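> There's a structure below that I have some questions on.
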Amino acid sequence: MSAIGAASSCSRLRCGVWFLKPGMQKSSFLHTAASCAAKNYYEVLVLGGGAGGIAMSARMKRKVGAGNVAVVEPSKTHYYQPLWTLVGGGVKQLAASARPMESVIPKGVEWIKSQVTALDPDKNCVWLENDIKVSYKYLIIALGITLHFEKIKGLPEGFNHPKIGSNYSVQTVEKTWRALQDFKEGNAIFTFPNTPVKCAGAPQKIMYLSDAYLRKTGKRSNANVMFNTSLGVIFAVKKYADALLDVIKDRDLTVNYKRNLIEVRADKQEAVFENLDKPGVTEVHQYEMLHVTPPMGPPAVLINSPVSDEGGWVDVDKETLQHKKYPNVFGIGDCTNLPTSKTAAAVAAQSGVLEKTISLVMKNELPVKKYDGYTSCPLVTGFNKVILAEFDYNAQPLETFPIDQSKERATMYHMKADMMPLLYWNALLK
């Protein structure tokens, strides 16, 4: 779904060699694990065991010692979700995206196998399940983003029917590939919701892969490939949007803007969309294949939390990632209100900035390292084809390579499919 930006202090891909930074410590798979907190206080408490949480726990371990760091995460499995685009397109196996959570948590760092139920930053503590209280000196919030299939009428129960899938969930990503394989003729519809989403390029990546598969299998002439997006543009950065529009025109794909999926009638294979330019006006499309990108939002524990803004996102300074009200609280990744795309590449770039921010705060000094909003999205436009989009807060290209990255390239595809997973497991998380 997204490229990895930088696992060390650099903020770009840097030609794929940033993971060779001298002195990078190796991490063993052994660590302390417990179903509840072994202690009731940690110098650094990390909420969330996703990319941001694991990356920061590794960085904090080196700074304050493993025994002084804990990660709160209920899940037993850690997923490299950017791979799910390729799983849904039949290129990769789902198992390749998964590792046991215990294998990615740094050696010696406490794994608290529980869920956060409340945050109390005024008292420097959080509450976990079973009324367990854990206090901290510094708090890093990396709770990710929550999928809301239930906000679409007819879902998630509609996934019990064939012809429908979603690359955004481990339970539904393989259904995307089955729906594509089973395609005979008719509409292949791909959606983009009217909410923030993680990796905003992913909803159209599967469209391009599906188009390529249908051409490969001789079914494309019987297919109408349709992208119904709630947005008014195909992509936020003009340079890459222009390139994508050329791809769309060349491959005879249909794009309908300001269309938001509000209902799925899976028994009838019908998708209902609201026309956002005409509130209350709906359109019904019959589908032979439907890929759903669900509405998304902040985790429930953050809604109306003292650390969150009105929308429920962790309220941090966009340059330092330090909380705007609580100086010992920090946020990283999808759960924050940083005005950039929510991708693994953004997390990678943020982690280097956040480490420097926390280091200075620990010394009672003001943060100076500034995050420029860097994020990256390898836009898979077919088998062996990727447009590598890299950009900043201002939606301006911030490219790594001395080439025109708006061109489809096989080299970028292999970086996305083969190199990035290796860098994720062996560099970013460590």
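Ordered as shown in the structure tokens, chains take letters A, B, and onward, while each chain numbers its residues from 1 and ligands are numbered from 1 in the order shown.
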Any idea what's packed within 8 Å of region 93-97 of chain A, counting only C-alpha atoms, ignoring anything in its chain fewer than 3 positions away? Could you give it as a PyMOL selection string?

chain A and resi 79-81+83-84+87+90+174

> Using only C-alpha atoms, which residues sit within 12 Å of Ala241 (chain A) once same-chain residues fewer than 3 positions away are excluded, as JSON, numbers by chain?

{"A": [201, 204, 232, 233, 234, 235, 236, 237, 238, 244, 245, 246, 247, 248, 379, 387, 388, 389, 395, 396, 397, 406, 407]}

> Rank A:Lys76, A:His161, A:Lys385, A:Lys205 by their smallest atom-to-atom distance to Met415 (chain A), using only C-alpha atoms, and report the top residue only.

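Of the candidates, the smallest distance to Met415 (chain A) is held by A:Lys385.
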
> Give me, as a count of residues only, the residues of region 201-357 of chain A that a backbone DSSP run labels helix (DSSP H, G or I).

51

> Of the residues A:Cys335, A:Val368, A:Ala417, A:Leu86, which is the one nearest to Ile303 (chain A), using only C-alpha atoms?

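The closest residue to Ile303 (chain A) is A:Cys335.
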
> When you count only C-alpha atoms, which of these residues is closest to Ile332 (chain A): A:Gly373, A:Gly297, A:Gly280, A:Gly154?

A:Gly373

> I'd like the contact shell of Pro298 (chain A) - 7 Å cut-off, only C-alpha atoms, skipping same-chain residues fewer than 6 positions apart - returned as a PDB file with C-alpha atoms, in the first residue's frame.


```pdb
ATOM      1  CA  ILE A 145      -6.855   3.927  12.417  1.00  0.00           C
ATOM      2  CA  THR A 146     -10.136   2.008  12.693  1.00  0.00           C
ATOM      3  CA  GLY A 312     -10.786  12.315  17.638  1.00  0.00           C
ATOM      4  CA  TRP A 313      -7.246  12.425  16.222  1.00  0.00           C
ATOM      5  CA  CYS A 335      -3.989   8.118  14.706  1.00  0.00           C
TER       6      CYS A 335
END
```

> Identify, on the basis of only C-alpha atoms, every residue whose closest approach to Asp334 (chain A) does not exceed 7 Å; exclude the query and any residue fewer than 6 positions from it along the same chain; express the result as a PDB file with all heavy atoms, in the first residue's frame.


```
ATOM      1  N   GLY A 144      -3.009   3.791  15.449  1.00  0.00           N
ATOM      2  CA  GLY A 144      -3.505   3.494  14.108  1.00  0.00           C
ATOM      3  C   GLY A 144      -4.873   4.081  13.830  1.00  0.00           C
ATOM      4  O   GLY A 144      -5.306   5.056  14.428  1.00  0.00           O
ATOM      5  N   ILE A 145      -5.558   3.450  12.897  1.00  0.00           N
ATOM      6  CA  ILE A 145      -6.855   3.927  12.417  1.00  0.00           C
ATOM      7  C   ILE A 145      -7.836   2.762  12.430  1.00  0.00           C
ATOM      8  O   ILE A 145      -7.431   1.598  12.345  1.00  0.00           O
ATOM      9  CB  ILE A 145      -6.706   4.513  10.993  1.00  0.00           C
ATOM     10  CG1 ILE A 145      -7.906   5.367  10.588  1.00  0.00           C
ATOM     11  CG2 ILE A 145      -6.446   3.413   9.973  1.00  0.00           C
ATOM     12  CD1 ILE A 145      -7.660   6.187   9.315  1.00  0.00           C
ATOM     13  N   LYS A 198      -6.203   5.234   5.292  1.00  0.00           N
ATOM     14  CA  LYS A 198      -4.772   4.952   5.241  1.00  0.00           C
ATOM     15  C   LYS A 198      -4.412   4.536   3.825  1.00  0.00           C
ATOM     16  O   LYS A 198      -5.146   3.801   3.165  1.00  0.00           O
ATOM     17  CB  LYS A 198      -4.383   3.876   6.253  1.00  0.00           C
ATOM     18  CG  LYS A 198      -5.155   2.575   6.180  1.00  0.00           C
ATOM     19  CD  LYS A 198      -4.687   1.641   7.286  1.00  0.00           C
ATOM     20  CE  LYS A 198      -5.549   0.392   7.354  1.00  0.00           C
ATOM     21  NZ  LYS A 198      -5.103  -0.508   8.442  1.00  0.00           N
ATOM     22  N   LYS A 342      -1.730   9.039   5.289  1.00  0.00           N
ATOM     23  CA  LYS A 342      -1.476   8.053   6.334  1.00  0.00           C
ATOM     24  C   LYS A 342      -0.874   6.794   5.693  1.00  0.00           C
ATOM     25  O   LYS A 342      -1.593   5.935   5.209  1.00  0.00           O
ATOM     26  CB  LYS A 342      -2.773   7.738   7.078  1.00  0.00           C
ATOM     27  CG  LYS A 342      -3.385   8.969   7.758  1.00  0.00           C
ATOM     28  CD  LYS A 342      -4.709   8.642   8.437  1.00  0.00           C
ATOM     29  CE  LYS A 342      -5.358   9.883   9.032  1.00  0.00           C
ATOM     30  NZ  LYS A 342      -4.582  10.496  10.122  1.00  0.00           N
TER      31      LYS A 342
END
```

> Taking only region 80-300 of chain A into account, list the residues labelled strand (DSSP E or B) by DSSP (computed from the backbone), as number ranges by chain.

A: 98-100, 110-112, 116-120, 125-128, 132-141, 146-147, 153, 164-165, 186-192, 198, 223-229, 254-256, 259-265, 270-275, 282-286, 289-291, 296-297

> Rank A:Phe383, A:Lys370, A:Asn364, A:Glu110 by their smallest atom-to-atom distance to Arg215 (chain A), using only C-alpha atoms, and report the top residue only.

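Smallest distance to Arg215 (chain A) is found for A:Phe383.
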
> Please compute the CA of Thr195 (chain A)-CA of Ser230 (chain A) distance, one decimal, in Å.

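One can read the CA of Thr195 (chain A) to CA of Ser230 (chain A) distance as 8.6 Å.
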
> Using only C-alpha atoms, pick whichever of A:Asp122, A:Glu150, A:Glu263, A:Glu73 has the shortest atom-to-atom distance to Leu47 (chain A).

A:Glu73

> Return the single residue from A:Ser376, A:Asn187, A:Ser169, A:Asn426 that is closest to Val104 (chain A), with distances computed using only C-alpha atoms.

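Checking each candidate against Val104 (chain A), we get A:Asn426 as the closest.
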
> Using only C-alpha atoms, which residues sit within 9 Å of region 356-362 of chain A once same-chain residues fewer than 2 positions away are excluded, as a PDB file with all heavy atoms, in the first residue's frame?


```pdb
ATOM      1  N   SER A   9      17.618   8.088  10.490  1.00  0.00           N
ATOM      2  CA  SER A   9      17.293   9.498  10.678  1.00  0.00           C
ATOM      3  C   SER A   9      16.976  10.217   9.376  1.00  0.00           C
ATOM      4  O   SER A   9      16.462  11.321   9.390  1.00  0.00           O
ATOM      5  CB  SER A   9      18.459  10.204  11.380  1.00  0.00           C
ATOM      6  OG  SER A   9      19.625  10.087  10.590  1.00  0.00           O
ATOM      7  N   LYS A  63      17.500   4.160  23.877  1.00  0.00           N
ATOM      8  CA  LYS A  63      17.690   5.424  24.590  1.00  0.00           C
ATOM      9  C   LYS A  63      17.595   5.262  26.100  1.00  0.00           C
ATOM     10  O   LYS A  63      18.403   5.837  26.839  1.00  0.00           O
ATOM     11  CB  LYS A  63      16.643   6.436  24.113  1.00  0.00           C
ATOM     12  CG  LYS A  63      16.883   7.846  24.589  1.00  0.00           C
ATOM     13  CD  LYS A  63      16.135   8.840  23.734  1.00  0.00           C
ATOM     14  CE  LYS A  63      16.645   8.849  22.316  1.00  0.00           C
ATOM     15  NZ  LYS A  63      18.050   9.300  22.187  1.00  0.00           N
ATOM     16  N   TYR A 138       6.855   9.274  29.848  1.00  0.00           N
ATOM     17  CA  TYR A 138       6.620   9.721  28.480  1.00  0.00           C
ATOM     18  C   TYR A 138       5.672   8.742  27.797  1.00  0.00           C
ATOM     19  O   TYR A 138       5.803   7.524  27.957  1.00  0.00           O
ATOM     20  CB  TYR A 138       7.940   9.806  27.699  1.00  0.00           C
ATOM     21  CG  TYR A 138       8.961  10.704  28.333  1.00  0.00           C
ATOM     22  CD1 TYR A 138      10.007  10.178  29.088  1.00  0.00           C
ATOM     23  CD2 TYR A 138       8.879  12.088  28.191  1.00  0.00           C
ATOM     24  CE1 TYR A 138      10.950  11.007  29.690  1.00  0.00           C
ATOM     25  CE2 TYR A 138       9.813  12.928  28.795  1.00  0.00           C
ATOM     26  CZ  TYR A 138      10.840  12.381  29.544  1.00  0.00           C
ATOM     27  OH  TYR A 138      11.763  13.210  30.137  1.00  0.00           O
ATOM     28  N   THR A 320       6.992  18.696  15.044  1.00  0.00           N
ATOM     29  CA  THR A 320       7.756  17.976  16.077  1.00  0.00           C
ATOM     30  C   THR A 320       7.096  16.690  16.538  1.00  0.00           C
ATOM     31  O   THR A 320       7.747  15.843  17.144  1.00  0.00           O
ATOM     32  CB  THR A 320       7.959  18.867  17.306  1.00  0.00           C
ATOM     33  OG1 THR A 320       6.689  19.126  17.924  1.00  0.00           O
ATOM     34  CG2 THR A 320       8.617  20.189  16.921  1.00  0.00           C
ATOM     35  N   LEU A 321       5.784  16.526  16.303  1.00  0.00           N
ATOM     36  CA  LEU A 321       4.989  15.380  16.733  1.00  0.00           C
ATOM     37  C   LEU A 321       4.785  15.344  18.241  1.00  0.00           C
ATOM     38  O   LEU A 321       4.329  14.345  18.800  1.00  0.00           O
ATOM     39  CB  LEU A 321       5.583  14.043  16.245  1.00  0.00           C
ATOM     40  CG  LEU A 321       5.326  13.716  14.767  1.00  0.00           C
ATOM     41  CD1 LEU A 321       6.180  14.582  13.855  1.00  0.00           C
ATOM     42  CD2 LEU A 321       5.616  12.252  14.488  1.00  0.00           C
ATOM     43  N   GLN A 322       5.118  16.444  18.914  1.00  0.00           N
ATOM     44  CA  GLN A 322       4.846  16.577  20.339  1.00  0.00           C
ATOM     45  C   GLN A 322       3.413  17.059  20.518  1.00  0.00           C
ATOM     46  O   GLN A 322       2.909  17.873  19.743  1.00  0.00           O
ATOM     47  CB  GLN A 322       5.812  17.578  20.966  1.00  0.00           C
ATOM     48  CG  GLN A 322       5.684  17.732  22.475  1.00  0.00           C
ATOM     49  CD  GLN A 322       6.711  18.718  23.022  1.00  0.00           C
ATOM     50  OE1 GLN A 322       7.109  19.668  22.343  1.00  0.00           O
ATOM     51  NE2 GLN A 322       7.158  18.505  24.253  1.00  0.00           N
ATOM     52  N   PRO A 327       3.332  18.132  27.132  1.00  0.00           N
ATOM     53  CA  PRO A 327       4.686  18.050  26.562  1.00  0.00           C
ATOM     54  C   PRO A 327       5.341  16.688  26.662  1.00  0.00           C
ATOM     55  O   PRO A 327       6.319  16.428  25.957  1.00  0.00           O
ATOM     56  CB  PRO A 327       5.464  19.096  27.373  1.00  0.00           C
ATOM     57  CG  PRO A 327       4.690  19.287  28.630  1.00  0.00           C
ATOM     58  CD  PRO A 327       3.257  19.073  28.266  1.00  0.00           C
ATOM     59  N   ASN A 328       4.842  15.790  27.520  1.00  0.00           N
ATOM     60  CA  ASN A 328       5.417  14.447  27.632  1.00  0.00           C
ATOM     61  C   ASN A 328       4.619  13.406  26.862  1.00  0.00           C
ATOM     62  O   ASN A 328       4.804  12.203  27.025  1.00  0.00           O
ATOM     63  CB  ASN A 328       5.528  14.022  29.099  1.00  0.00           C
ATOM     64  CG  ASN A 328       4.172  13.898  29.784  1.00  0.00           C
ATOM     65  OD1 ASN A 328       3.207  14.576  29.407  1.00  0.00           O
ATOM     66  ND2 ASN A 328       4.089  13.029  30.777  1.00  0.00           N
ATOM     67  N   PHE A 330       3.312  12.178  22.920  1.00  0.00           N
ATOM     68  CA  PHE A 330       3.694  12.284  21.515  1.00  0.00           C
ATOM     69  C   PHE A 330       2.810  11.359  20.679  1.00  0.00           C
ATOM     70  O   PHE A 330       2.278  10.373  21.182  1.00  0.00           O
ATOM     71  CB  PHE A 330       5.171  11.907  21.336  1.00  0.00           C
ATOM     72  CG  PHE A 330       6.089  12.601  22.295  1.00  0.00           C
ATOM     73  CD1 PHE A 330       6.345  12.064  23.560  1.00  0.00           C
ATOM     74  CD2 PHE A 330       6.674  13.814  21.951  1.00  0.00           C
ATOM     75  CE1 PHE A 330       7.173  12.723  24.461  1.00  0.00           C
ATOM     76  CE2 PHE A 330       7.505  14.480  22.848  1.00  0.00           C
ATOM     77  CZ  PHE A 330       7.750  13.933  24.103  1.00  0.00           C
ATOM     78  N   SER A 351       9.259   8.713  12.466  1.00  0.00           N
ATOM     79  CA  SER A 351       9.943   8.060  13.585  1.00  0.00           C
ATOM     80  C   SER A 351      11.302   8.692  13.861  1.00  0.00           C
ATOM     81  O   SER A 351      11.700   8.846  15.022  1.00  0.00           O
ATOM     82  CB  SER A 351      10.084   6.560  13.328  1.00  0.00           C
ATOM     83  OG  SER A 351      10.940   6.299  12.229  1.00  0.00           O
ATOM     84  N   GLY A 352      12.025   9.075  12.822  1.00  0.00           N
ATOM     85  CA  GLY A 352      13.315   9.730  13.010  1.00  0.00           C
ATOM     86  C   GLY A 352      13.173  11.091  13.655  1.00  0.00           C
ATOM     87  O   GLY A 352      13.941  11.469  14.549  1.00  0.00           O
ATOM     88  N   VAL A 353      12.167  11.861  13.211  1.00  0.00           N
ATOM     89  CA  VAL A 353      11.910  13.174  13.797  1.00  0.00           C
ATOM     90  C   VAL A 353      11.475  13.020  15.255  1.00  0.00           C
ATOM     91  O   VAL A 353      11.956  13.745  16.141  1.00  0.00           O
ATOM     92  CB  VAL A 353      10.823  13.919  12.993  1.00  0.00           C
ATOM     93  CG1 VAL A 353      10.442  15.230  13.695  1.00  0.00           C
ATOM     94  CG2 VAL A 353      11.310  14.197  11.576  1.00  0.00           C
ATOM     95  N   LEU A 354      10.580  12.075  15.510  1.00  0.00           N
ATOM     96  CA  LEU A 354      10.054  11.914  16.859  1.00  0.00           C
ATOM     97  C   LEU A 354      11.139  11.486  17.847  1.00  0.00           C
ATOM     98  O   LEU A 354      11.156  11.933  18.999  1.00  0.00           O
ATOM     99  CB  LEU A 354       8.910  10.897  16.855  1.00  0.00           C
ATOM    100  CG  LEU A 354       8.212  10.666  18.203  1.00  0.00           C
ATOM    101  CD1 LEU A 354       7.764  11.979  18.825  1.00  0.00           C
ATOM    102  CD2 LEU A 354       7.021   9.724  18.024  1.00  0.00           C
ATOM    103  N   ASN A 364      15.129  18.519  28.681  1.00  0.00           N
ATOM    104  CA  ASN A 364      14.491  19.811  28.945  1.00  0.00           C
ATOM    105  C   ASN A 364      14.881  20.868  27.919  1.00  0.00           C
ATOM    106  O   ASN A 364      14.988  22.054  28.240  1.00  0.00           O
ATOM    107  CB  ASN A 364      14.825  20.299  30.356  1.00  0.00           C
ATOM    108  CG  ASN A 364      14.215  19.428  31.430  1.00  0.00           C
ATOM    109  OD1 ASN A 364      13.047  19.016  31.318  1.00  0.00           O
ATOM    110  ND2 ASN A 364      14.989  19.117  32.453  1.00  0.00           N
ATOM    111  N   GLU A 365      15.085  20.417  26.685  1.00  0.00           N
ATOM    112  CA  GLU A 365      15.402  21.323  25.599  1.00  0.00           C
ATOM    113  C   GLU A 365      14.251  21.352  24.593  1.00  0.00           C
ATOM    114  O   GLU A 365      13.452  20.411  24.515  1.00  0.00           O
ATOM    115  CB  GLU A 365      16.699  20.892  24.904  1.00  0.00           C
ATOM    116  CG  GLU A 365      17.925  20.926  25.810  1.00  0.00           C
ATOM    117  CD  GLU A 365      19.179  20.444  25.100  1.00  0.00           C
ATOM    118  OE1 GLU A 365      19.162  20.372  23.842  1.00  0.00           O
ATOM    119  OE2 GLU A 365      20.160  20.119  25.788  1.00  0.00           O
ATOM    120  N   LEU A 366      14.176  22.417  23.813  1.00  0.00           N
ATOM    121  CA  LEU A 366      13.108  22.547  22.828  1.00  0.00           C
ATOM    122  C   LEU A 366      13.418  21.717  21.583  1.00  0.00           C
ATOM    123  O   LEU A 366      14.559  21.700  21.112  1.00  0.00           O
ATOM    124  CB  LEU A 366      12.927  24.008  22.422  1.00  0.00           C
ATOM    125  CG  LEU A 366      12.377  24.945  23.496  1.00  0.00           C
ATOM    126  CD1 LEU A 366      12.367  26.383  22.982  1.00  0.00           C
ATOM    127  CD2 LEU A 366      10.969  24.518  23.913  1.00  0.00           C
ATOM    128  N   PRO A 367      12.422  21.016  21.025  1.00  0.00           N
ATOM    129  CA  PRO A 367      12.625  20.240  19.793  1.00  0.00           C
ATOM    130  C   PRO A 367      13.012  21.152  18.636  1.00  0.00           C
ATOM    131  O   PRO A 367      12.487  22.253  18.514  1.00  0.00           O
ATOM    132  CB  PRO A 367      11.262  19.593  19.551  1.00  0.00           C
ATOM    133  CG  PRO A 367      10.572  19.629  20.863  1.00  0.00           C
ATOM    134  CD  PRO A 367      11.066  20.856  21.561  1.00  0.00           C
ATOM    135  N   VAL A 368      13.940  20.692  17.812  1.00  0.00           N
ATOM    136  CA  VAL A 368      14.374  21.489  16.664  1.00  0.00           C
ATOM    137  C   VAL A 368      14.183  20.751  15.345  1.00  0.00           C
ATOM    138  O   VAL A 368      14.040  21.368  14.289  1.00  0.00           O
ATOM    139  CB  VAL A 368      15.851  21.914  16.802  1.00  0.00           C
ATOM    140  CG1 VAL A 368      16.008  22.883  17.956  1.00  0.00           C
ATOM    141  CG2 VAL A 368      16.757  20.705  17.006  1.00  0.00           C
ATOM    142  N   LYS A 369      14.186  19.422  15.375  1.00  0.00           N
ATOM    143  CA  LYS A 369      14.010  18.645  14.153  1.00  0.00           C
ATOM    144  C   LYS A 369      12.585  18.813  13.658  1.00  0.00           C
ATOM    145  O   LYS A 369      11.628  18.717  14.428  1.00  0.00           O
ATOM    146  CB  LYS A 369      14.297  17.166  14.424  1.00  0.00           C
ATOM    147  CG  LYS A 369      14.178  16.251  13.231  1.00  0.00           C
ATOM    148  CD  LYS A 369      15.332  16.410  12.280  1.00  0.00           C
ATOM    149  CE  LYS A 369      15.290  15.345  11.175  1.00  0.00           C
ATOM    150  NZ  LYS A 369      16.386  15.497  10.215  1.00  0.00           N
ATOM    151  N   LYS A 370      12.414  19.064  12.377  1.00  0.00           N
ATOM    152  CA  LYS A 370      11.085  19.337  11.842  1.00  0.00           C
ATOM    153  C   LYS A 370      10.688  18.312  10.776  1.00  0.00           C
ATOM    154  O   LYS A 370      11.443  18.052   9.846  1.00  0.00           O
ATOM    155  CB  LYS A 370      11.037  20.749  11.248  1.00  0.00           C
ATOM    156  CG  LYS A 370      11.205  21.848  12.297  1.00  0.00           C
ATOM    157  CD  LYS A 370      11.062  23.228  11.682  1.00  0.00           C
ATOM    158  CE  LYS A 370      11.164  24.310  12.749  1.00  0.00           C
ATOM    159  NZ  LYS A 370      11.000  25.670  12.171  1.00  0.00           N
TER     160      LYS A 370
END
```

> To one decimal place in Å, what is the distance between CA of Cys377 (chain A) and CA of Thr343 (chain A)?

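These atoms are spaced 7.4 Å apart.
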